[in-house]
Structure formats: C-alpha cells, structure tokens
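A quick write-up on the structure given underneath.
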Number of protein chains: 2
Amino acid sequence: MGPQDSSRGPVPHGHVTLVQVARWAGVSAQTVSNAVNNPERVAPATRQRILAAVEELGYEPNLSARALRNRSSSLIAFKTRPARPDKASLLMDEFLYALNASAAQAGYHLILVHAEDGSANEIKAYRDLLKKTPVDAFVLTETHRNDDRVAAMRSWGVPFATFGRSWDGDDSTAWVDVDGRAGTRAAAEHVAAQGHRRIGHIGWLAGSEIGAERREGWLEGCRERGLETDLQALVPDTLEAGRQAAHRMLDSSRPATALVCASDTLALGVLRALHERGLRPGTDVAVTGFDDSPTAALVSPGLTTLHQPIDVVGRQLIQTIDNLLAGDAREPQHVLLEPELIVRGSSLPGPPRQ
Amino acid sequence: MGPQDSSRGPVPHGHVTLVQVARWAGVSAQTVSNAVNNPERVAPATRQRILAAVEELGYEPNLSARALRNRSSSLIAFKTRPARPDKASLLMDEFLYALNASAAQAGYHLILVHAEDGSANEIKAYRDLLKKTPVDAFVLTETHRNDDRVAAMRSWGVPFATFGRSWDGDDSTAWVDVDGRAGTRAAAEHVAAQGHRRIGHIGWLAGSEIGAERREGWLEGCRERGLETDLQALVPDTLEAGRQAAHRMLDSSRPATALVCASDTLALGVLRALHERGLRPGTDVAVTGFDDSPTAALVSPGLTTLHQPIDVVGRQLIQTIDNLLAGDAREPQHVLLEPELIVRGSSLPGPPRQ
DNA sequence: CCCACGGATTTTAACGTTAATAAAATCCAC
DNA sequence: GTGGATTTTATTAACGTTAAAATCCGTGGG
C-alpha cells in the first residue's frame, strides 16, 4: 500500500518475524523493532507504514527471543495452593481468574509455580524458576509476620506484590489487602441492629494476624453499642472447630443469640451445630461468616458474610506490579479495600427464606 | 574435583550458563549440552565430571534460549474460567493444583490464558499465544460435540488433551473423563438400597452430553430394580432451577422420596426446597448431587455426592500430553475414570448427623 | 562550498542454547 | 604400525530480538 511498492518483500509464510515485517515494509529489522517499542525514534510516515505491515501480516513479537535478549519475560509467577478439604474459602478460583484477566490486559501472562507445603520448598521453587526464566514479578498470598518468602524475594531483588499486608510494618513491600476489622465490625453492627445483645465471636487462634484483626472488628462493633464481649473462642479454621465452639457458646448460662465468625468455614460449623440442636439459623441464632465463599450463597438459609472484592484485588496487584516494573520509583503502593456485607437468611429473623 | 584441575575455569557469578559450566569442567559448551540432553553421546567419565559441575554451580538451562532454539517451551497452556456465582462445582481450584503438580513433576510449567466468554475469543487467545511463544500443548475443559476449539487445535497441529470426551466419537483426540453414567447409577442404587421406591431425577437440559449421560445412569439404576422413572426434570444448572424442580416433584400426586441430581448445584437447590417445606433431608427425602464440590461437605446435613478423582485426571492429562510430545506415535489415549460415591447425611435416614 | 549538526535509519553484536557438521581421539584388524 | 571405522569432542551457525554504535542525509552557518 506504500507509495513505493517495489520495496515490498514477498508474502511470508509460517511464523512472522521482525525480519519479515521489515522486508515487507522495506526497512530494517531494527526500525520495525523501534516502531513497535520506541515509536518516537521513528519518523511518523515510516511508523505508519510499519504498523500497517504488522497488522497485515499479523506479526506478534516472539516472547522467547525478547526474554533472552531483554532478560524480562512478561511472565508473572504465582504458586498454586492445594484445595483443603475442610475449607470453604475457595477464593482462589475467583482470584486466579481476576488476576489473570488483569494480567492479560496489561500484557502479562501468569505462570503457575508448584511447590509442596512449606515455605522452604516454595522459596526453592521460586529460585529455580528464576534461574530458568527471567520472570518479571511474583505474586504472593497469605503473607504473615516475618515471612521467609518476602525476605527471599527482597534478597533476590525481584519485584513482587502480596495479597495480604506486610504485617511487620515494613513499608517497602507493595501489598493489597482487605480490611478484616471493618468487615467483622460491620457484621457485629448488623446483628446488633437486628436486636441481638449477646453476640459471640468465633475466631482464629493467636498467631494469625488476620484472625486478630477480625476479632478486633467484632470487639469494636460490640463495645460501641455497650454490648458484652465475653463470648469468644479462638480455634483452628475448620468446620469441626466452629461446630464445637458454637455448642459451647450455646450451652453457656447466658447463651449467645448471634455469632460473628472469622470465616465462612467456622460459620458453616456453627450452622451444623444449630442443625444438630434443631435451632433455626437467623430466627433462633444469627450467624455471619467471612469471605463470601461459593458455599455461602448455596446453603439454606444463605449465609450472611463479607464479600472480598477479589476482582479489585487482582486488578490492583497487577497495577502495582506494573508500576514497579515501569520503575515509577515512587514508594511501593499499599491498598486496603473494604469488604462488603452480604446479608442472607442466616442473620435475619423470620420464616425460612433465602 | 577432576583429576586435571588445571582445566577448571574461574568461579562464575550471576546467572550460570552452559559456557560457564563448560569452562569449569574443561569441555565445550556443546558437550555440556549433550551431557544434559543426550547422555549417550558423551563418554561416561566426561559426563560424570560435567554433571558434577552442573551440580556444583547450580546450573539450570535457560528456558527462553531453549524455546528460541528448539521451538518448544515446556509450557502447557490452560484457560482460566470465571467463577460463576451460582455454581457449586468449583473443581477448578483442585484441578489446577493437580494439573500443575503433575506438570511440574514432568518438567512442564502451566501458563494461564485469559479470554472473554465465547469460543471465538478463546480460539483467538490461543492463536495469539501460539504466535508469541512455542507453547508445547494445550489442555481444554468442558468439551462438547463439534467443539470449535478442538477443530482449531487440530488445524494448527498443536498437541492437546481434553478433560471431557470428544463426544463426536472422534478417536484422534486424547481425553480424560469421568464416567457420569456409572456415577448417577451408583447414586440411584444407593438410595434404592435405603428403601426408596419413588426416585426422581433432576438433570441438565438437552444439548448437554454430560447431562444426558448422567440421566441415563439414573435411568439404568432404576430400571434394574424395576422402579418407575416418570419423575424427571431437565433444567439449567442453577440452584434456583433445582429448587423449583424439587418443589414440582414433591407436589406430585405420588411424590418423590429421593432425588438424584446431575450436579451439586441442583442438589443444593433441592435442599433449599426441602428447607422451605420444613422437610428433613435424608430422613424425609434423600438427595444426591454430583461433583463433590467443597460445599457438599460443608452443608448440614452433608450432601451425598459423587467425587471425581481430580488428581488422577490431572495426572493422566499430563501423562497423555507427555506421550504425545514424546512422539510415542501410538494412537491418542482415552481414559475414563470411575467417580466415587461419597455418602453423607442427605441420603441417610435418622436423626441429624453429618 | 565546506563542514558541523541532528534526526532517521541501518549495521553489528549479543542474549543462551543446540542441530549439523567438522575435527580429533580411540579402537581394532591385518 | 598403518588404515579405516567408530567414538568422542569441538566448531559453526542459527533461533528472533534489541542496545549500542555506525552510517546516511538533509539543513543551516560560516
């Protein structure tokens, strides 16, 4: 289509490379590269012609070659986690989809890492991957205080962002997280608004920063309204633990009429305890969970819970990484998102309903 | 450590390459490459020395360079699916972990593909990826009759394997699947063994091969015992559809006392209907699902369902792909696995239990 | 009219690996 | 001990891309 068609090379077949595009457009390979990556170095007219050729031939840059040359792969690594049998919180599915969608939009690809349990194995897997291919960045989840993995990443100088705060107050790590305190507080206020006065809490064992925070939210919500906060249990995050804790709180001399739980898993344990006692969720005892796992919407009655804006988390993580890679040397971003209370039948009085 | 240490080069720093290892071991780069990839071409003694050097220096082959040179990346591509709100069957999580674990063990990495809904988008995403990087193989899920994606893969000549049969009876596609017929049949036999005589089925709308197969299993199980099979509904795979269908079957003049469902999602809809009617699952009406979604174990009472051996599926898919890539030109493998009936409270009479 | 300047483009070389080919070393038979 | 076959190792070139350096070319000043 150019004015001087004589320069045009033959129609290429098979995989289209820079050289093919260059021949077609009648320029050198480097100029094509520049037209694609550094538009300002190329004269507008030339650039037009080249981009037309790129379009026409359906050229896509070869990532392997780029990775080799640039030491950067446009890959973001993420470790898959085993699905625990007894856990409701399968945000993973949703999270991966959201993360991948955002990554794709920003021109990255997600590569999955496998490692057996244990941070040592995980770190080794990351290092091996890093030796084999110039992964651009890592996404970590479930970070905790003094996380080995964070230390490793930092020592390697690899960009990374975490879903979960850097609880040790280190501001040099970029993170995105959901405000658990605000969540359980909203849950406590919600059940209080339903008239409940004996609101118990079933949370995670000490040692979990997330658990501690969610407990505090419940505490604040109750105190604010002058309610007692003596009914609490800190247990492992399993359905069975939730079930037992619920029984204890209902056996109390002044039993709970509402239970704010630190996870859907625990809340489902509570529902089981109610089922065993012949009590009606919502009507007899209000129950709330946390995470809005798929299960929460599917049980009957539905489980009131806190929805984590997973898609936003994914988007923010990618954006954060994108910023890190762009070298916008601003300090690492920290994003704290509000969970949304989803009210379902388990916290509402009245006849059976959704 | 070799006898002639004089040949040993300097200790390398940063990323270790073939050349570094070669210098250290006192051989050429090609010989190192051979020692790693074609052991038989290298004299045993030399090989020993080289492998020791590899070990010592912690050499890992650069995948980008290999991909560029070999046109093969050791990457297996897989498309992430959006998590449908109203669906219980989040096997995805489990499946991805299993697939990735097997892939890692076999020396592959999983790369995630993103595409908006629609097979045209999906195909375009695959083709774009294929242009950019020499993906070794694809894994497809939820295949159906005359699947565009399968046709595309085949026209490109890319190795691929599917989770789900090639329903059009085409034997040239490698697949792994779970026997739905055997599953629902086992479920029907199970509830019949509990004494139920009016066993209904809630399945998927026509057009779904999986749905048709699961319906047939129920049919067989009932006929075998001389039971009537007039109670059936074919509906979309949503909780709400399951709920409504259950109400209809319970409003019948000779109502169902057991409902065998084609999915956990539908079964959970049935449980909701029972909840609304004040009926007790298991005791008043037996209910079974399909998939053993996380939710099945967490509801109260637990949902009797069919567990798909997802880890085996993942392993087999990778092995199948591995065979394809190794060029073991045997005809493509087909693996049909038996689901396992998991009996929980929803199909057992008696007092509330797990 | 020559030269310096600066923008546009091309040339060169390199990223790390491996197939193909060439060279060297080893072996064996006569 | 010589020649030919065989085994082992080394050299060359290429995969597709891009940073860096070199070249080309039109402009304007002296």
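Residues are referred to by chain and number: the chain letter is A, B, ... according to the order shown in the structure tokens, the number counts from 1 in that chain, and ligands are numbered separately from 1 in the order shown.
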
Is it possible to get the superposed chain B, fitted on chain A over all Cα pairs by sequence order, as a CSV table (one decimal) with C-alpha atoms, in the first residue's frame?
```csv
chain,number,residue,atom,x,y,z
B,1,MET,CA,0.0,-0.1,0.2
B,2,GLY,CA,2.9,2.3,0.5
B,3,PRO,CA,3.7,4.8,-2.3
B,4,GLN,CA,6.8,2.8,-3.4
B,5,ASP,CA,5.6,-0.8,-3.5
B,6,SER,CA,8.8,-1.8,-5.1
B,7,SER,CA,10.3,-2.1,-1.7
B,8,ARG,CA,7.9,-4.7,-0.6
B,9,GLY,CA,9.3,-8.1,0.0
B,10,PRO,CA,7.6,-11.4,-0.6
B,11,VAL,CA,4.6,-12.6,1.4
B,12,PRO,CA,6.1,-14.6,4.3
B,13,HIS,CA,4.7,-17.9,5.4
B,14,GLY,CA,4.8,-19.7,8.7
B,15,HIS,CA,5.8,-17.7,11.7
B,16,VAL,CA,6.1,-14.0,11.0
B,17,THR,CA,9.3,-12.4,12.3
B,18,LEU,CA,10.6,-8.9,12.6
B,19,VAL,CA,12.7,-9.5,9.5
B,20,GLN,CA,9.6,-10.5,7.5
B,21,VAL,CA,7.8,-7.3,8.5
B,22,ALA,CA,10.9,-5.3,7.7
B,23,ARG,CA,11.2,-6.7,4.2
B,24,TRP,CA,7.6,-6.1,3.6
B,25,ALA,CA,7.8,-2.5,4.7
B,26,GLY,CA,11.1,-2.0,3.1
B,27,VAL,CA,13.0,-1.0,6.2
B,28,SER,CA,15.5,-2.7,8.6
B,29,ALA,CA,14.6,-5.0,11.4
B,30,GLN,CA,15.7,-2.5,14.0
B,31,THR,CA,13.4,0.1,12.6
B,32,VAL,CA,10.5,-2.3,13.0
B,33,SER,CA,11.5,-3.0,16.5
B,34,ASN,CA,11.6,0.7,17.2
B,35,ALA,CA,8.3,1.3,15.6
B,36,VAL,CA,6.8,-1.3,17.9
B,37,ASN,CA,8.7,-0.4,21.1
B,38,ASN,CA,9.9,3.1,20.8
B,39,PRO,CA,7.6,4.9,18.5
B,40,GLU,CA,9.2,8.3,19.1
B,41,ARG,CA,12.4,7.2,17.5
B,42,VAL,CA,10.7,6.6,14.1
B,43,ALA,CA,9.4,9.1,11.6
B,44,PRO,CA,5.6,9.1,11.7
B,45,ALA,CA,5.2,8.2,8.0
B,46,THR,CA,7.6,5.2,8.4
B,47,ARG,CA,5.9,4.2,11.5
B,48,GLN,CA,2.5,4.2,9.8
B,49,ARG,CA,3.8,2.0,7.0
B,50,ILE,CA,5.4,-0.4,9.5
B,51,LEU,CA,2.3,-0.7,11.7
B,52,ALA,CA,0.3,-1.4,8.6
B,53,ALA,CA,2.7,-4.2,7.7
B,54,VAL,CA,2.5,-5.6,11.3
B,55,GLU,CA,-1.2,-5.6,11.0
B,56,GLU,CA,-1.3,-7.1,7.6
B,57,LEU,CA,1.1,-9.9,8.4
B,58,GLY,CA,-0.3,-10.5,11.8
B,59,TYR,CA,3.1,-10.2,13.4
B,60,GLU,CA,3.5,-10.9,17.1
B,61,PRO,CA,6.8,-10.5,18.8
B,62,ASN,CA,8.5,-13.7,19.9
B,63,LEU,CA,8.5,-13.7,23.6
B,64,SER,CA,11.3,-16.2,23.9
B,65,ALA,CA,13.6,-14.1,21.9
B,66,ARG,CA,12.6,-11.0,23.8
B,67,ALA,CA,13.1,-12.8,27.1
B,68,LEU,CA,16.6,-13.9,26.0
B,69,ARG,CA,17.6,-10.5,24.8
B,70,ASN,CA,15.9,-8.3,27.4
B,71,ARG,CA,16.1,-10.6,30.5
B,72,SER,CA,12.5,-10.0,31.0
B,73,SER,CA,9.7,-12.4,30.1
B,74,SER,CA,6.4,-10.6,30.7
B,75,LEU,CA,5.6,-13.5,33.0
B,76,ILE,CA,4.2,-13.2,36.5
B,77,ALA,CA,4.6,-16.2,38.7
B,78,PHE,CA,2.0,-17.4,41.1
B,79,LYS,CA,2.0,-20.5,43.3
B,80,THR,CA,-1.0,-22.8,43.2
B,81,ARG,CA,-2.4,-23.9,46.5
B,82,PRO,CA,-3.8,-27.3,47.4
B,83,ALA,CA,-7.6,-27.2,48.0
B,84,ARG,CA,-8.0,-28.0,51.6
B,85,PRO,CA,-10.9,-30.4,52.0
B,86,ASP,CA,-12.4,-28.8,55.0
B,87,LYS,CA,-12.2,-25.2,53.9
B,88,ALA,CA,-14.9,-23.1,52.4
B,89,SER,CA,-12.8,-20.2,51.3
B,90,LEU,CA,-12.0,-21.0,47.8
B,91,LEU,CA,-11.5,-17.5,46.7
B,92,MET,CA,-8.6,-19.0,44.8
B,93,ASP,CA,-10.6,-19.8,41.7
B,94,GLU,CA,-12.1,-16.3,41.5
B,95,PHE,CA,-8.8,-14.7,42.4
B,96,LEU,CA,-6.8,-16.5,39.7
B,97,TYR,CA,-9.3,-15.6,37.1
B,98,ALA,CA,-9.3,-11.9,38.2
B,99,LEU,CA,-5.5,-11.8,38.4
B,100,ASN,CA,-5.1,-13.4,35.0
B,101,ALA,CA,-7.7,-11.2,33.4
B,102,SER,CA,-5.9,-8.1,34.6
B,103,ALA,CA,-2.5,-9.6,33.8
B,104,ALA,CA,-3.6,-10.3,30.2
B,105,GLN,CA,-4.9,-6.8,29.8
B,106,ALA,CA,-1.6,-5.4,30.9
B,107,GLY,CA,0.3,-7.6,28.5
B,108,TYR,CA,1.5,-10.2,31.1
B,109,HIS,CA,1.0,-13.9,31.3
B,110,LEU,CA,0.6,-15.8,34.5
B,111,ILE,CA,2.9,-18.8,35.0
B,112,LEU,CA,2.0,-21.3,37.8
B,113,VAL,CA,4.5,-22.5,40.3
B,114,HIS,CA,4.2,-25.8,42.1
B,115,ALA,CA,5.7,-26.5,45.5
B,116,GLU,CA,4.9,-28.9,48.2
B,117,ASP,CA,3.8,-27.4,51.5
B,118,GLY,CA,6.4,-25.4,53.4
B,119,SER,CA,7.9,-22.0,52.7
B,120,ALA,CA,11.4,-23.6,52.2
B,121,ASN,CA,10.0,-25.6,49.3
B,122,GLU,CA,8.2,-22.6,48.0
B,123,ILE,CA,11.3,-20.5,48.0
B,124,LYS,CA,13.3,-23.2,46.3
B,125,ALA,CA,10.6,-23.5,43.6
B,126,TYR,CA,10.8,-19.7,43.1
B,127,ARG,CA,14.5,-19.7,42.9
B,128,ASP,CA,14.6,-22.5,40.4
B,129,LEU,CA,12.1,-20.8,38.2
B,130,LEU,CA,14.1,-17.6,38.4
B,131,LYS,CA,17.1,-19.5,37.2
B,132,LYS,CA,15.4,-20.9,34.3
B,133,THR,CA,13.5,-17.9,33.0
B,134,PRO,CA,13.5,-14.2,33.7
B,135,VAL,CA,10.1,-14.0,35.5
B,136,ASP,CA,9.2,-10.4,35.8
B,137,ALA,CA,7.5,-10.5,39.1
B,138,PHE,CA,5.9,-12.7,41.7
B,139,VAL,CA,2.5,-12.5,43.5
B,140,LEU,CA,2.4,-13.9,47.0
B,141,THR,CA,-0.7,-14.7,49.1
B,142,GLU,CA,-1.3,-15.4,52.7
B,143,THR,CA,1.7,-13.5,53.9
B,144,HIS,CA,2.4,-13.4,57.6
B,145,ARG,CA,4.7,-11.7,60.0
B,146,ASN,CA,8.4,-12.3,59.2
B,147,ASP,CA,7.6,-14.1,56.1
B,148,ASP,CA,10.6,-16.0,54.7
B,149,ARG,CA,9.3,-15.7,51.2
B,150,VAL,CA,9.2,-11.9,51.4
B,151,ALA,CA,12.8,-11.9,52.7
B,152,ALA,CA,13.9,-14.2,49.9
B,153,MET,CA,12.2,-12.0,47.2
B,154,ARG,CA,13.8,-9.0,48.6
B,155,SER,CA,17.2,-10.5,48.8
B,156,TRP,CA,16.9,-11.5,45.1
B,157,GLY,CA,15.8,-8.1,44.1
B,158,VAL,CA,12.8,-9.4,42.2
B,159,PRO,CA,9.7,-7.2,42.0
B,160,PHE,CA,6.7,-8.7,43.9
B,161,ALA,CA,3.4,-7.8,45.4
B,162,THR,CA,1.4,-9.6,48.0
B,163,PHE,CA,-2.2,-10.2,48.6
B,164,GLY,CA,-2.1,-9.6,52.3
B,165,ARG,CA,-0.3,-6.9,54.3
B,166,SER,CA,3.3,-7.0,55.3
B,167,TRP,CA,2.3,-7.3,59.0
B,168,ASP,CA,5.7,-6.4,60.2
B,169,GLY,CA,5.1,-2.8,59.4
B,170,ASP,CA,7.6,-2.9,56.6
B,171,ASP,CA,6.6,-0.3,54.1
B,172,SER,CA,8.9,-1.4,51.3
B,173,THR,CA,6.6,-4.2,50.2
B,174,ALA,CA,3.8,-3.5,47.9
B,175,TRP,CA,0.6,-5.1,49.0
B,176,VAL,CA,-3.2,-5.2,48.5
B,177,ASP,CA,-5.4,-6.4,51.3
B,178,VAL,CA,-9.0,-6.4,52.6
B,179,ASP,CA,-9.9,-4.7,55.8
B,180,GLY,CA,-10.9,-7.5,58.1
B,181,ARG,CA,-11.6,-5.3,61.0
B,182,ALA,CA,-14.1,-3.2,59.1
B,183,GLY,CA,-15.7,-6.4,58.0
B,184,THR,CA,-16.4,-8.1,61.3
B,185,ARG,CA,-17.3,-4.7,62.7
B,186,ALA,CA,-20.0,-4.3,60.1
B,187,ALA,CA,-21.2,-7.8,60.8
B,188,ALA,CA,-21.4,-7.1,64.5
B,189,GLU,CA,-23.3,-3.9,63.9
B,190,HIS,CA,-25.6,-5.7,61.5
B,191,VAL,CA,-26.7,-8.4,64.0
B,192,ALA,CA,-26.9,-5.8,66.8
B,193,ALA,CA,-29.3,-3.8,64.6
B,194,GLN,CA,-31.4,-7.0,64.4
B,195,GLY,CA,-31.8,-6.7,68.2
B,196,HIS,CA,-29.2,-9.1,69.3
B,197,ARG,CA,-27.5,-8.3,72.6
B,198,ARG,CA,-25.4,-11.5,73.3
B,199,ILE,CA,-23.1,-11.5,70.3
B,200,GLY,CA,-20.3,-14.1,70.4
B,201,HIS,CA,-17.2,-14.4,68.3
B,202,ILE,CA,-15.5,-17.5,66.9
B,203,GLY,CA,-12.1,-16.6,65.5
B,204,TRP,CA,-8.8,-18.0,64.7
B,205,LEU,CA,-6.1,-19.0,67.1
B,206,ALA,CA,-3.5,-16.4,68.2
B,207,GLY,CA,-0.6,-16.1,65.8
B,208,SER,CA,-2.8,-15.2,62.9
B,209,GLU,CA,-2.7,-11.5,62.2
B,210,ILE,CA,-5.8,-11.8,60.1
B,211,GLY,CA,-7.6,-13.6,62.8
B,212,ALA,CA,-6.6,-11.0,65.4
B,213,GLU,CA,-7.8,-8.2,63.2
B,214,ARG,CA,-11.1,-9.7,62.6
B,215,ARG,CA,-11.6,-10.3,66.3
B,216,GLU,CA,-10.9,-6.6,66.9
B,217,GLY,CA,-13.6,-5.6,64.5
B,218,TRP,CA,-16.2,-7.6,66.4
B,219,LEU,CA,-14.9,-6.2,69.6
B,220,GLU,CA,-15.2,-2.6,68.4
B,221,GLY,CA,-18.7,-3.2,67.0
B,222,CYS,CA,-19.9,-4.6,70.3
B,223,ARG,CA,-18.2,-2.1,72.6
B,224,GLU,CA,-19.5,0.8,70.5
B,225,ARG,CA,-23.0,-0.3,71.5
B,226,GLY,CA,-22.1,-1.2,75.0
B,227,LEU,CA,-22.5,-4.9,74.5
B,228,GLU,CA,-20.7,-7.5,76.4
B,229,THR,CA,-17.8,-9.3,74.8
B,230,ASP,CA,-17.2,-12.2,77.0
B,231,LEU,CA,-18.4,-14.8,74.5
B,232,GLN,CA,-15.4,-15.6,72.3
B,233,ALA,CA,-13.5,-18.6,71.2
B,234,LEU,CA,-10.2,-18.8,69.2
B,235,VAL,CA,-9.9,-22.0,67.4
B,236,PRO,CA,-8.4,-23.6,64.2
B,237,ASP,CA,-10.1,-22.6,61.0
B,238,THR,CA,-12.1,-25.8,60.5
B,239,LEU,CA,-15.8,-26.6,60.3
B,240,GLU,CA,-15.4,-29.0,63.2
B,241,ALA,CA,-13.8,-26.4,65.5
B,242,GLY,CA,-16.6,-23.9,64.6
B,243,ARG,CA,-19.2,-26.5,65.4
B,244,GLN,CA,-17.7,-27.3,68.8
B,245,ALA,CA,-17.2,-23.7,69.7
B,246,ALA,CA,-20.8,-22.9,68.8
B,247,HIS,CA,-22.1,-25.7,71.1
B,248,ARG,CA,-20.0,-24.3,73.9
B,249,MET,CA,-21.4,-20.8,73.4
B,250,LEU,CA,-24.9,-22.1,73.3
B,251,ASP,CA,-24.5,-24.2,76.4
B,252,SER,CA,-23.4,-21.1,78.3
B,253,SER,CA,-25.6,-19.9,81.2
B,254,ARG,CA,-26.3,-16.7,79.2
B,255,PRO,CA,-26.0,-18.1,75.7
B,256,ALA,CA,-25.2,-16.2,72.5
B,257,THR,CA,-28.0,-15.3,70.2
B,258,ALA,CA,-25.7,-14.2,67.5
B,259,LEU,CA,-22.3,-15.5,66.4
B,260,VAL,CA,-19.9,-13.4,64.3
B,261,CYS,CA,-17.3,-15.8,62.8
B,262,ALA,CA,-13.9,-15.1,61.3
B,263,SER,CA,-14.5,-17.3,58.3
B,264,ASP,CA,-17.3,-19.0,56.3
B,265,THR,CA,-15.7,-22.3,57.3
B,266,LEU,CA,-16.3,-21.6,61.0
B,267,ALA,CA,-19.8,-20.2,60.3
B,268,LEU,CA,-20.7,-23.4,58.5
B,269,GLY,CA,-19.6,-25.2,61.6
B,270,VAL,CA,-21.9,-23.1,63.6
B,271,LEU,CA,-24.8,-23.9,61.2
B,272,ARG,CA,-24.1,-27.5,61.7
B,273,ALA,CA,-24.3,-27.1,65.4
B,274,LEU,CA,-27.6,-25.4,65.1
B,275,HIS,CA,-28.8,-28.1,62.8
B,276,GLU,CA,-27.8,-30.7,65.4
B,277,ARG,CA,-29.7,-28.7,68.1
B,278,GLY,CA,-32.8,-28.2,65.9
B,279,LEU,CA,-32.3,-24.5,66.1
B,280,ARG,CA,-33.1,-22.3,63.1
B,281,PRO,CA,-30.3,-20.0,61.8
B,282,GLY,CA,-31.4,-16.4,61.6
B,283,THR,CA,-34.5,-16.9,63.6
B,284,ASP,CA,-33.1,-18.6,66.7
B,285,VAL,CA,-29.4,-17.7,66.3
B,286,ALA,CA,-27.9,-15.2,63.9
B,287,VAL,CA,-24.7,-16.3,62.1
B,288,THR,CA,-22.2,-14.4,60.0
B,289,GLY,CA,-19.2,-15.6,58.2
B,290,PHE,CA,-16.3,-14.1,56.2
B,291,ASP,CA,-15.1,-14.4,52.6
B,292,ASP,CA,-18.3,-15.0,50.7
B,293,SER,CA,-17.2,-18.4,49.6
B,294,PRO,CA,-19.3,-20.0,46.9
B,295,THR,CA,-20.8,-22.1,49.6
B,296,ALA,CA,-22.2,-19.2,51.5
B,297,ALA,CA,-24.7,-18.5,48.7
B,298,LEU,CA,-25.7,-22.1,48.3
B,299,VAL,CA,-26.5,-23.3,51.8
B,300,SER,CA,-30.1,-22.9,53.1
B,301,PRO,CA,-30.6,-20.5,54.6
B,302,GLY,CA,-27.9,-18.5,52.8
B,303,LEU,CA,-25.0,-17.4,55.0
B,304,THR,CA,-24.6,-13.7,55.7
B,305,THR,CA,-20.9,-13.0,55.1
B,306,LEU,CA,-18.4,-10.4,54.0
B,307,HIS,CA,-17.5,-10.3,50.3
B,308,GLN,CA,-13.9,-9.6,49.4
B,309,PRO,CA,-13.7,-7.6,46.2
B,310,ILE,CA,-11.4,-10.1,44.6
B,311,ASP,CA,-11.5,-8.7,41.2
B,312,VAL,CA,-10.3,-5.4,42.5
B,313,VAL,CA,-7.6,-7.1,44.4
B,314,GLY,CA,-6.4,-8.8,41.3
B,315,ARG,CA,-6.5,-5.6,39.3
B,316,GLN,CA,-4.6,-3.6,41.9
B,317,LEU,CA,-2.0,-6.3,42.3
B,318,ILE,CA,-1.3,-6.2,38.6
B,319,GLN,CA,-1.3,-2.4,38.5
B,320,THR,CA,1.1,-2.3,41.4
B,321,ILE,CA,3.4,-4.7,39.7
B,322,ASP,CA,3.1,-2.8,36.5
B,323,ASN,CA,4.2,0.3,38.3
B,324,LEU,CA,7.1,-1.4,40.0
B,325,LEU,CA,8.3,-2.7,36.6
B,326,ALA,CA,7.8,0.6,34.9
B,327,GLY,CA,10.3,1.9,37.5
B,328,ASP,CA,8.0,4.6,38.7
B,329,ALA,CA,10.3,4.8,41.6
B,330,ARG,CA,7.5,6.1,43.9
B,331,GLU,CA,7.3,4.1,47.1
B,332,PRO,CA,5.5,0.8,46.9
B,333,GLN,CA,1.8,1.0,46.9
B,334,HIS,CA,-0.4,-0.2,49.7
B,335,VAL,CA,-4.1,-0.7,49.0
B,336,LEU,CA,-6.6,-1.6,51.7
B,337,LEU,CA,-10.1,-2.5,50.4
B,338,GLU,CA,-13.4,-2.6,52.2
B,339,PRO,CA,-15.3,-5.9,52.3
B,340,GLU,CA,-19.0,-5.7,51.6
B,341,LEU,CA,-21.5,-7.2,53.9
B,342,ILE,CA,-23.8,-9.6,52.1
B,343,VAL,CA,-26.9,-10.2,54.1
B,344,ARG,CA,-28.6,-13.5,53.7
B,345,GLY,CA,-31.0,-15.6,55.7
B,346,SER,CA,-28.6,-16.8,58.4
B,347,SER,CA,-28.7,-13.4,60.2
B,348,LEU,CA,-32.3,-12.5,59.6
B,349,PRO,CA,-35.3,-13.5,61.7
B,350,GLY,CA,-38.5,-14.8,60.2
B,351,PRO,CA,-39.7,-17.8,58.2
B,352,PRO,CA,-37.3,-19.8,56.1
B,353,ARG,CA,-36.1,-17.7,53.2
B,354,GLN,CA,-33.1,-17.4,51.0
```

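Here is the contact set of chain C against chain A, at 10 Å and counting only C-alpha atoms (C1' of nucleotides): DG7, DA8, DT9, DT10, DT11, DA14, DC15 and DG16 of chain C.
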
Nearest-residue call for chain B, choices D:DC15, D:DG26, D:DG1, D:DT7, using only C-alpha atoms (C1' of nucleotides) =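 Of the candidates, the smallest distance to chain B is held by D:DC15.
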
Mind the document's chain letters and residue numbers, and return as number ranges by chain the residues of stretch 86-304 of chain B that DSSP labels strand (DSSP E).
-> B: 109-113, 137-141, 160-163, 174-178, 199-204, 232-235, 258-261, 286-288

Near chain A, which residues of chain D fall within 9 Å when you count only C-alpha atoms (C1' of nucleotides), and what do they look like as an NGL selection string?
-> :D and (15-18)

For the atom pair atom C1' of D:DA20 and atom C1' of C:DA4, what is the interatomic distance in Å to one decimal place?
->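 Going from atom C1' of D:DA20 over to atom C1' of C:DA4 covers 22.7 Å.
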
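Closest approach to D:DT23 among C:DA22, C:DT12, C:DC28, C:DT17: C:DT12, based on only C-alpha atoms (C1' of nucleotides).
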
Secondary structure check, alpha helix (DSSP H) residues of stretch 29-261 of chain B, as a ChimeraX atom specification = /B:29-37,44-57,63-70,91-105,119-132,148-156,180-193,209-224,239-251

Have a look at atom C1' of D:DT12 and atom C1' of C:DA19 and let me know their distance in Å, one decimal.
->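 Atom C1' of D:DT12 sits 10.6 Å away from atom C1' of C:DA19.
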
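Atom C1' of C:DA13 is found 27.2 Å from atom C1' of D:DT9.
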